[in-house]
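The structure under discussion appears below in the form of structure tokens.
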Amino acid sequence: MLRVHFSELDLARLRMAVRPDALWETVLSFHRLRENRAESVYGKWRSEARNRLNGEARLLAPLIPLRGYFPDFLTPAEGVIGCDAAMSALRATPGERLNAELAGLPAARALPGWIRDLGEGERKPLDRLIRTLRTYHQAAVAPYWPHIQARIEADRVARGRALLDGGVDGLLASLPATMRWRAPVLEVDYPVDRDLRLRGRGLLLLPSFFCRGAPVTFRNPDLTPVLVYPVEHAPCGLPLRPGQRPALAPGAGAGAASASGVGSARTLGKLVGQTRSAVLLEVGGGCTTSELARRVGVSLASASQHASVLREAGLVHTLRQGSAVLHTLTPLGAALLRGGAPGERVFGSPAQLPPVATSGRGPSGRG
């Protein structure tokens with residue numbers, strides 16, 4: 001078990017990541033890639049990703065074991081900004097740190113020569129690592145980024161609502177069952193027994209699509225504390241092939257799969273129907289089914305049916321919260337309202353929610 005010890009200052013500095021972290025998702029996806037279990041969440045993604053890789057898995061395997069510790073330098077804080085910023089931060093890692101963290105790998109003495117050279121501070125091996133990570137990310141993670149982002153943003157909305165309803169205690173109590181808030185300690189299911197004392201630095205909560213089971217944290221307790229935890233998944237997992245868009249709800253006209261040009265509620269109503277367009281508009285930054293029914297003025301059963309159709313169309317994501325469900329817009333749903341590309345954001349969409357606490361960054365069952 002991992003015990004995270006909070007002071008009053010740490011509680012004030014608790015915060016949520018504003019978006020997925022490019023390198024945390026990359027490294028954790030590499031764990032999922034090598035699993036052989038048949039499943040609905042990662043199965044199709046695993047098959048597609050393996051078909052697009054060309055030797056990257058062989059190069060990364062000694063550096064990222066299937067279980068346990070992997071070097072902390074692989075997931076710099078800049079990963080939440082994006083892949084390019086993360087790679088730049090990785091390139092700037094001091095040689096002393098590279099060497100110290102590589103020495104912590106269980107098979108350190110049997111590492112390939114280029115990784116041992118990396119530990120000696122040579123730049124060419126580091127450039128090779130960055131190229132390999134970037135190529136792997138482009139093949140296995142980047143094509144699915146909108147879907148990953150939708151899951152992360154839905155979790156963010158759920159935590160934000162918990163904060164508004166119950167304060168920091170409510171937020172920490174709302175985390176997945178692998179974490180239990182017993183003030184002033186957060187108990188976390190973890191492969192080894194350890195204590196993480198925040199010492200006024202706060203904690204960054206980082207929901208992750210590719211994290212499975214136990215949350216993850218840095219091995220080095222002196223790094224800015226981060227707790228990476230798994231989001232809830234829909235049974236279908238990652239349903240889309242790279243570049244593929246879902247069809248819109250039944251009744252949408254020809255060419256409706258393109259969000260471009262749909263910029264008003266009236267136009268959207270012509271496209272998907274007035275009630276369904278109202279449902280999509282009211283989902284906004286997140287609402288439960290009962291809230292949706294009240295806002296739109298329809299029955300609970302009708303609101304649930306409309307939300308289901310929009311979810312199947314890839315416009316709404318649904319996250320279960322106890323006995324209720326929370327609906328949020330996907331990037332495609334936000335784009336449909338805005339009239340732009342799926343990457344654009346609409347006011348009120350989950351991507352634009354502020355951090356859920358005041359201030360604070362940087363962890364895996366890594367020892």
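Every chain in the structure tokens takes a letter, A first, then B, and so on in the order presented; its residues are numbered from 1, and the ligands are numbered from 1 following the presented order.
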With a distance cut-off of 7 Å and only C-alpha atoms, select the neighbouring residues of stretch 72-80 of chain A, excluding the residue or stretch itself and same-chain residues fewer than 3 positions from it, and output the selection as an NGL selection string.
-> :A and (19-24 or 83 or 85-86 or 89-90 or 218-219 or 361-362)
Tell me which protein, DNA and RNA residues are within 7 Å of A:Tyr190, counting only C-alpha atoms, leaving out same-chain ones fewer than 2 positions away, and put them as a list in words.
->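 Here the qualifying residues turn out to be Met1, Leu2, Val188, Val192, Ala214, Pro215 and Gly365 of chain A.
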How about saving the chosen residues, all heavy atoms kept, as a short mmCIF file (atom, residue, chain, number, x, y, z; two decimals), in the first residue's frame?
data_model
loop_
_atom_site.label_atom_id
_atom_site.label_comp_id
_atom_site.auth_asym_id
_atom_site.auth_seq_id
_atom_site.Cartn_x
_atom_site.Cartn_y
_atom_site.Cartn_z
N MET A 1 0.84 -1.20 0.00
CA MET A 1 0.00 0.00 0.00
C MET A 1 0.88 1.26 0.00
O MET A 1 1.92 1.30 0.64
CB MET A 1 -0.91 0.01 1.24
CG MET A 1 -1.78 1.25 1.35
SD MET A 1 -2.74 1.32 2.87
CE MET A 1 -3.85 -0.05 2.59
N LEU A 2 0.42 2.27 -0.72
CA LEU A 2 1.04 3.59 -0.70
C LEU A 2 0.19 4.49 0.17
O LEU A 2 -1.03 4.58 0.00
CB LEU A 2 1.12 4.16 -2.12
CG LEU A 2 1.53 5.62 -2.25
CD1 LEU A 2 3.00 5.80 -1.87
CD2 LEU A 2 1.28 6.13 -3.67
N VAL A 188 -3.59 4.10 -0.99
CA VAL A 188 -3.62 3.74 -2.41
C VAL A 188 -3.15 2.30 -2.58
O VAL A 188 -2.09 1.92 -2.05
CB VAL A 188 -2.70 4.68 -3.23
CG1 VAL A 188 -2.76 4.32 -4.71
CG2 VAL A 188 -3.09 6.14 -3.01
N VAL A 192 4.03 -2.14 -3.66
CA VAL A 192 4.97 -2.19 -2.53
C VAL A 192 4.45 -1.30 -1.41
O VAL A 192 3.58 -0.45 -1.63
CB VAL A 192 6.40 -1.76 -2.94
CG1 VAL A 192 6.97 -2.70 -3.98
CG2 VAL A 192 6.39 -0.33 -3.46
N ALA A 214 -3.83 -0.55 -10.29
CA ALA A 214 -3.24 0.29 -9.25
C ALA A 214 -2.75 1.61 -9.82
O ALA A 214 -2.19 1.65 -10.92
CB ALA A 214 -2.07 -0.45 -8.59
N PRO A 215 -2.92 2.71 -9.10
CA PRO A 215 -2.35 3.99 -9.50
C PRO A 215 -0.82 3.92 -9.53
O PRO A 215 -0.21 2.96 -9.07
CB PRO A 215 -2.85 4.95 -8.42
CG PRO A 215 -4.11 4.33 -7.92
CD PRO A 215 -3.82 2.85 -7.94
N GLY A 365 3.52 1.83 -10.10
CA GLY A 365 4.02 0.92 -9.13
C GLY A 365 5.48 0.78 -9.47
O GLY A 365 5.88 -0.19 -10.08
#
Could you tell me, as a PyMOL selection string, which residues of stretch 45-163 of chain A DSSP assigns to helix (DSSP H, G or I) when given the backbone?
-> chain A and resi 45-52+56-60+72-74+77-80+83-91+95-102+108-110+113-119+123-140+142-163
Would you kindly return, as a list of chain:residue names, each protein, DNA or RNA residue with an atom no farther than 8 Å from any atom of A:Leu9, considering only C-alpha atoms and excluding same-chain residues fewer than 3 positions away?
->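 Listed by chain and then number, they are A:Phe6, A:Ala12, A:Arg13, A:Gly200, A:Arg201, A:Gly202.
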Using the selection just defined, write its residues with N, CA and C atoms as a PDB file, in the first residue's frame.
ATOM      1  N   PHE A   6      -1.013  14.141   3.763  1.00  0.00           N
ATOM      2  CA  PHE A   6      -1.357  15.529   3.466  1.00  0.00           C
ATOM      3  C   PHE A   6      -1.251  16.399   4.719  1.00  0.00           C
ATOM      4  N   ALA A  12      -4.507  22.461   0.236  1.00  0.00           N
ATOM      5  CA  ALA A  12      -4.723  23.705  -0.498  1.00  0.00           C
ATOM      6  C   ALA A  12      -4.049  23.674  -1.859  1.00  0.00           C
ATOM      7  N   ARG A  13      -3.000  22.865  -1.991  1.00  0.00           N
ATOM      8  CA  ARG A  13      -2.249  22.786  -3.248  1.00  0.00           C
ATOM      9  C   ARG A  13      -2.591  21.548  -4.072  1.00  0.00           C
ATOM     10  N   GLY A 200       4.105  19.928   2.015  1.00  0.00           N
ATOM     11  CA  GLY A 200       3.707  21.245   1.535  1.00  0.00           C
ATOM     12  C   GLY A 200       3.793  21.441   0.032  1.00  0.00           C
ATOM     13  N   ARG A 201       4.173  20.404  -0.708  1.00  0.00           N
ATOM     14  CA  ARG A 201       4.321  20.547  -2.164  1.00  0.00           C
ATOM     15  C   ARG A 201       3.007  20.344  -2.912  1.00  0.00           C
ATOM     16  N   GLY A 202       1.990  19.847  -2.219  1.00  0.00           N
ATOM     17  CA  GLY A 202       0.740  19.551  -2.897  1.00  0.00           C
ATOM     18  C   GLY A 202       0.832  18.263  -3.686  1.00  0.00           C
TER      19      GLY A 202
END
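Candidate residues A:Gln149, A:Thr135, A:Arg97, A:Ala61 were compared for distance to A:Pro112, and the nearest is A:Ala61, using only C-alpha atoms.
Note that the spacing between atom CA of A:Leu33 and atom CA of A:Tyr144 amounts to 14.2 Å.
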Please provide the set of residues having any atom within 9 Å of stretch 290-302 of chain A, restricted to only C-alpha atoms, with same-chain residues fewer than 6 positions apart removed, written as JSON, numbers by chain.
-> {"A": [275, 278, 279, 282, 283, 324, 327]}
So which one's closest to A:Ser29, A:Leu175, A:Leu59, A:Leu133, A:Leu118? Using only C-alpha atoms, please.
-> A:Leu133
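Among the candidates A:Thr288, A:Gln274, A:Ser47, A:Thr217, the residue lying nearest to A:Phe70 is A:Thr217 (atoms considered: only C-alpha atoms).
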Calculate how many Å separate atom CA of A:Ser277 from atom CA of A:Thr318, rounding to one decimal.
-> 17.1 Å
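Candidate residues A:Pro146, A:Val4, A:Ser308, A:Asn220 were compared for distance to A:Val185, and the nearest is A:Val4, using only C-alpha atoms.
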Please provide as a VMD selection string all residues within 9 Å of A:Ala57, with the sequence filter that same-chain residues fewer than 3 positions apart are discarded (counting only C-alpha atoms).
-> chain A and resid 30 33 to 34 50 53 to 54 60 to 61 132 136
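Residues in contact range of A:Leu326, defined as at most 9 Å between only C-alpha atoms, with sequence neighbours fewer than 4 positions away removed, read Ala154, Val157, Ala158, Gly286, Cys287, Thr288, Thr289, His317, Thr318, Leu319, Arg320 and Gln321 of chain A.
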Got time to write the residues from that selection, N, CA and C atoms, as an mmCIF file, in the first residue's frame?
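The result, written out as selection17.cif:
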data_model
loop_
_atom_site.group_PDB
_atom_site.id
_atom_site.type_symbol
_atom_site.label_atom_id
_atom_site.label_comp_id
_atom_site.auth_asym_id
_atom_site.auth_seq_id
_atom_site.Cartn_x
_atom_site.Cartn_y
_atom_site.Cartn_z
ATOM 1 N N ALA A 154 -13.891 13.796 -19.150
ATOM 2 C CA ALA A 154 -15.079 13.337 -18.424
ATOM 3 C C ALA A 154 -14.739 13.083 -16.958
ATOM 4 N N VAL A 157 -14.410 16.416 -15.133
ATOM 5 C CA VAL A 157 -15.707 16.996 -14.797
ATOM 6 C C VAL A 157 -16.273 16.329 -13.545
ATOM 7 N N ALA A 158 -16.153 15.000 -13.462
ATOM 8 C CA ALA A 158 -16.655 14.284 -12.294
ATOM 9 C C ALA A 158 -15.942 14.743 -11.020
ATOM 10 N N GLY A 286 -21.065 19.227 -18.451
ATOM 11 C CA GLY A 286 -21.365 18.006 -17.723
ATOM 12 C C GLY A 286 -22.650 18.105 -16.939
ATOM 13 N N CYS A 287 -23.464 17.056 -16.986
ATOM 14 C CA CYS A 287 -24.686 17.005 -16.188
ATOM 15 C C CYS A 287 -25.128 15.559 -16.053
ATOM 16 N N THR A 288 -25.900 15.275 -15.014
ATOM 17 C CA THR A 288 -26.465 13.944 -14.835
ATOM 18 C C THR A 288 -27.713 13.804 -15.697
ATOM 19 N N THR A 289 -28.242 12.583 -15.788
ATOM 20 C CA THR A 289 -29.447 12.364 -16.592
ATOM 21 C C THR A 289 -30.633 13.120 -16.017
ATOM 22 N N HIS A 317 -19.929 11.532 -23.893
ATOM 23 C CA HIS A 317 -19.305 10.467 -23.108
ATOM 24 C C HIS A 317 -20.044 10.362 -21.782
ATOM 25 N N THR A 318 -20.287 9.149 -21.318
ATOM 26 C CA THR A 318 -21.021 8.924 -20.077
ATOM 27 C C THR A 318 -20.136 8.220 -19.069
ATOM 28 N N LEU A 319 -20.090 8.764 -17.857
ATOM 29 C CA LEU A 319 -19.276 8.225 -16.778
ATOM 30 C C LEU A 319 -20.181 7.950 -15.588
ATOM 31 N N ARG A 320 -20.152 6.721 -15.069
ATOM 32 C CA ARG A 320 -20.998 6.384 -13.921
ATOM 33 C C ARG A 320 -20.398 6.927 -12.643
ATOM 34 N N GLN A 321 -21.237 7.576 -11.841
ATOM 35 C CA GLN A 321 -20.836 8.123 -10.554
ATOM 36 C C GLN A 321 -21.807 7.618 -9.497
#
Of the listed residues A:Arg159, A:Gly166, A:Val216, A:Glu101, that which approaches A:Val27 most closely, counting only C-alpha atoms = A:Val216
